[in-house]
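Undergrad: Below you'll find the structure I mean.
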Amino acid sequence: MDMNKFEKRFPAYFANFTMPEGARDQRIKVLRACRTCCVEKESFLPTYEENVCCVLESQEPDDPGVYSLSTYEKPRDVKRFVATNYQYKPPFKIAIGVTEPVCGPSQRTKERKPQQKNSHVDWWLYENAEPYNHFELIDNFNEFYSEYKKEKGIIK
Amino acid sequence: MKSFFQSKETGILQFDVVLLESYHPILFTCVNEKDELFLCVCCQADKEATKWLATDVKPSTMVNMLQNQITIRDAFLLDKGKRYTVICKDKKYTLIKNDPQDWDPEKSDYLPTAGEYMDAEDDEFLEEIEHYKNIMFQNIFKKNEELKKFSLNGLIFEFNMHEENIFAKSFIEVSDDLVIKYRNTLNEKRQEEIGIQKSKFLIRGNEPSVPISA
């Protein structure tokens with residue numbers, strides 16, 4: 001019996017869409033806005049599960065992005081996300097981590113949607129995956145972002 | 001162009017530019033059939049409802065936001081345009097005009113967080129800024145028939161922050177005084193350049209105008 005076959009299994013609702021060809025096992029450093037301000041399961045639910053396994057009216061039911069865990073590579077994008085979403089008013093918390101393949105494959109969204117300019121990363125999680133084990137909370141996001149900009153030479 | 005929403009009040013809002021998205025557009029502009037520009041934010045997308053705030057906005061405001069000169073919230077409030085809340089719940093869309101809670105900067109949970117800028121990097125939104133500037137100039141040209149006859153690339157771009165006011169009033173009445181006043185707001189290098197350009201054209205009353213070469 002191949003136990004690996006059973007360990008790496010996607011949730012049943014993955015039958016609703018086709019996994020993009022470009023999705024693969026890779027380690028991308030990403031940021032996740034934590035709704036509960038904690039690194040825990042409730043802050044790391046795929047969009048579909050966050051919406052109680054419903055596809056919202058504004059969503060396409062076969063869009064792979066509906067079923068992924070949303071993350072961003074660049075701090076500026078997650079910063080803009082929390083600034084525009086009513087659930088993330090200060091003091092919000094952002095976690096930093098990696099898209100570990102043990103939890104599932106991932107893809108930079110712009111690889112399949114070239115018109116998407118930002119750094120959104122889709123991460124499709126196996127059943128019972130625990131992505132939060134690979135993340136830690138950033139104490140002070142503004143400081144983190146300032147350091148990031150200095151390192152990248154963005155600050156003038 | 002894909003449609004975002006339509007109503008008698010807003011017209012048919014078609015997607016124009018998406019500035020931020022995840023699995024759906026979050027911060028974006030739309031245009032309707034009257035070429036009115038709307039700034040929209042999807043401030044809520046969960047099992048309760050999907051909710052957007054939308055307001056008509058000047059293209060110069062969009063440029064200012066993308067150049068980190070005003071906050072994201074300011075972009076929604078500064079122009080004091082028409083203010084709409086669009087809610088989708090149980091597959092039904094509802095439009096509310098001027099919701100006092102949603103649009104009150106003191107009370108709203110749905111306006112973008114106060115004090116937050118786009119923090120755009122230098123070349124990040126060059127295309128989008130160009131797009132909104134083109135809308136600005138198209139709007140100016142619509143108001144001034146004379147301008148359609150020629151192009152003043154250098155000077156138009158120089159009046160970046162002021163052109164809507166200056167041109168909307170009466171471009172053909174741009175006088176030396178006005179140019180001098182504006183020059184005084186610029187640094188030395190640009191003052192010199194403006195001086196040179198001004199001497200190359202004459203726009204006063206109904207006198208013929210000479211286009212500036214690029």
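The chains in the structure tokens are called A, B, ... from first to last as shown; in each chain the residues are counted from 1, and the ligands are counted from 1 in the order shown.
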Between chain B and chain A, at 6 Å or less, what are the per-residue closest atom pairs and their distances in Å? Count only C-alpha atoms, order by chain and rising residue number, and return it as JSON lines.

TA:
{"residue": "B:Tyr23", "atom": "CA", "partner": "A:Gly65", "partner_atom": "CA", "distance": 5.2}
{"residue": "B:Cys43", "atom": "CA", "partner": "A:Asn85", "partner_atom": "CA", "distance": 4.6}
{"residue": "B:Asp46", "atom": "CA", "partner": "A:Asn51", "partner_atom": "CA", "distance": 5.4}
{"residue": "B:Lys47", "atom": "CA", "partner": "A:Asn51", "partner_atom": "CA", "distance": 4.7}
{"residue": "B:Lys91", "atom": "CA", "partner": "A:Glu57", "partner_atom": "CA", "distance": 5.9}
{"residue": "B:Asp109", "atom": "CA", "partner": "A:Tyr86", "partner_atom": "CA", "distance": 5.7}
{"residue": "B:Tyr110", "atom": "CA", "partner": "A:Tyr86", "partner_atom": "CA", "distance": 5.2}
{"residue": "B:Pro112", "atom": "CA", "partner": "A:Thr84", "partner_atom": "CA", "distance": 4.5}
{"residue": "B:Thr113", "atom": "CA", "partner": "A:Ala83", "partner_atom": "CA", "distance": 4.9}

Undergrad: Report the residues of stretch 5-96 of chain B whose backbone DSSP state falls under strand (DSSP E), written as number ranges by chain.

TA: B: 5-7, 11-21, 25-31, 37-45, 50-56, 83-89, 92-96

Undergrad: Store the residues of this selection in a file with C-alpha atoms, as a short mmCIF file (atom, residue, chain, number, x, y, z; two decimals), in the first residue's frame.

TA:
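The file below, again.cif, is the result:
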data_model
loop_
_atom_site.label_atom_id
_atom_site.label_comp_id
_atom_site.auth_asym_id
_atom_site.auth_seq_id
_atom_site.Cartn_x
_atom_site.Cartn_y
_atom_site.Cartn_z
CA PHE B 5 -22.00 46.59 -12.21
CA GLN B 6 -24.80 48.58 -13.75
CA SER B 7 -27.68 50.70 -12.54
CA GLY B 11 -24.65 53.59 -15.75
CA ILE B 12 -22.82 50.49 -16.94
CA LEU B 13 -19.55 50.37 -15.02
CA GLN B 14 -16.94 48.56 -17.05
CA PHE B 15 -13.55 47.59 -15.68
CA ASP B 16 -10.87 50.09 -16.61
CA VAL B 17 -7.70 49.46 -14.61
CA VAL B 18 -7.13 46.99 -11.77
CA LEU B 19 -4.57 48.27 -9.27
CA LEU B 20 -4.78 45.49 -6.69
CA GLU B 21 -6.30 42.04 -6.84
CA PRO B 25 -10.23 42.80 -8.25
CA ILE B 26 -9.84 44.72 -5.00
CA LEU B 27 -8.87 48.27 -5.94
CA PHE B 28 -9.78 49.32 -9.44
CA THR B 29 -11.29 51.98 -11.68
CA CYS B 30 -14.29 51.67 -13.97
CA VAL B 31 -15.74 53.85 -16.69
CA LEU B 37 -14.27 57.49 -14.11
CA PHE B 38 -15.08 55.62 -10.90
CA LEU B 39 -12.68 54.47 -8.20
CA CYS B 40 -13.88 51.26 -6.57
CA VAL B 41 -12.75 49.09 -3.70
CA CYS B 42 -13.98 45.65 -2.77
CA CYS B 43 -13.89 46.16 0.97
CA GLN B 44 -15.64 42.93 1.93
CA ALA B 45 -15.77 39.53 0.27
CA THR B 50 -19.53 41.08 -1.12
CA LYS B 51 -19.37 44.83 -0.80
CA TRP B 52 -17.81 47.62 -2.80
CA LEU B 53 -17.49 51.34 -2.34
CA ALA B 54 -17.43 53.36 -5.55
CA THR B 55 -17.10 57.05 -6.26
CA ASP B 56 -16.56 59.13 -9.36
CA ARG B 83 -20.70 57.98 -3.43
CA TYR B 84 -22.11 54.51 -3.81
CA THR B 85 -22.17 51.30 -1.84
CA VAL B 86 -22.76 48.16 -3.89
CA ILE B 87 -23.68 45.03 -1.99
CA CYS B 88 -24.09 41.53 -3.34
CA LYS B 89 -25.90 39.19 -0.97
CA LYS B 92 -28.89 40.05 -5.33
CA TYR B 93 -27.20 43.37 -5.96
CA THR B 94 -28.19 46.47 -4.03
CA LEU B 95 -27.03 50.01 -4.66
CA ILE B 96 -27.04 52.58 -1.88
#

Undergrad: Suppose you want the space between atom CA of A:Val39 and atom CA of A:Asp25; what is it in Å?

TA: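 Spanning atom CA of A:Val39 to atom CA of A:Asp25 is a straight-line distance of 22.3 Å.
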
Undergrad: Could you work out how far atom CA of A:Glu130 lies from atom CA of A:Tyr13, giving the answer in Å with one decimal?

TA: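 It comes out at 17.9 Å.
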
Undergrad: Expressed in Å to a single decimal, how great is the separation between atom CA of A:Glu42 and atom CA of A:Arg9?

TA: 20.3 Å

Undergrad: Assign secondary structure with DSSP using the backbone only, and return the residues of stretch 7-156 of chain A in alpha helix (DSSP H) as a list in words.

TA: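 The alpha helix (DSSP H) subset of stretch 7-156 of chain A is Glu7, Thr47, Tyr48, Glu49, Glu50, Pro75, Arg76, Asp77, Val78, Lys79, Arg80, Phe81, Val82, Ala83, Thr84, Phe141, Asn142, Glu143, Phe144, Tyr145, Ser146, Glu147, Tyr148, Lys149, Lys150, Glu151 and Lys152 of chain A.
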
Undergrad: What's around A:Glu100 at 9 Å? Count only C-alpha atoms, leave out sequence neighbours fewer than 4 positions away in its own chain, and write the answer as a list in words.

TA: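 In the requested form, the answer reads Asp25, Gln26, Arg27, Ile28, Gly104, Pro105, Ser106, Pro131 and His134 of chain A.
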
Undergrad: Dump N, CA, C and O atoms for the selected residues as a short mmCIF file (atom, residue, chain, number, x, y, z; two decimals), in the first residue's frame?

TA:
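Result file follows (out22.cif):
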data_model
loop_
_atom_site.label_atom_id
_atom_site.label_comp_id
_atom_site.auth_asym_id
_atom_site.auth_seq_id
_atom_site.Cartn_x
_atom_site.Cartn_y
_atom_site.Cartn_z
N ASP A 25 5.49 22.07 -6.89
CA ASP A 25 6.14 22.10 -5.59
C ASP A 25 7.29 23.09 -5.65
O ASP A 25 8.22 22.91 -6.42
N GLN A 26 7.21 24.12 -4.85
CA GLN A 26 8.28 25.12 -4.82
C GLN A 26 8.20 25.88 -3.51
O GLN A 26 7.14 25.94 -2.87
N ARG A 27 9.30 26.45 -3.13
CA ARG A 27 9.35 27.19 -1.88
C ARG A 27 9.46 28.67 -2.21
O ARG A 27 10.50 29.13 -2.68
N ILE A 28 8.38 29.37 -2.01
CA ILE A 28 8.36 30.82 -2.26
C ILE A 28 8.16 31.50 -0.91
O ILE A 28 7.26 31.13 -0.14
N GLY A 104 1.45 21.47 -0.18
CA GLY A 104 0.77 21.53 -1.46
C GLY A 104 1.52 22.36 -2.47
O GLY A 104 2.46 23.10 -2.12
N PRO A 105 1.10 22.28 -3.72
CA PRO A 105 1.77 23.04 -4.78
C PRO A 105 1.33 24.50 -4.79
O PRO A 105 0.30 24.84 -4.21
N SER A 106 2.12 25.33 -5.43
CA SER A 106 1.82 26.76 -5.48
C SER A 106 2.15 27.31 -6.86
O SER A 106 2.80 26.63 -7.68
N PRO A 131 -0.24 24.70 6.95
CA PRO A 131 0.70 25.68 6.42
C PRO A 131 1.21 26.64 7.50
O PRO A 131 2.33 27.13 7.44
N HIS A 134 4.63 26.75 9.11
CA HIS A 134 5.79 27.24 8.38
C HIS A 134 5.81 28.77 8.31
O HIS A 134 6.49 29.35 7.45
#

Undergrad: List the neighbours of A:Lys29 out to 9 Å using only C-alpha atoms; skip same-chain residues closer than 3 positions along the sequence, and give me the result as a PyMOL selection string.

TA: chain A and resi 72-73+96-99
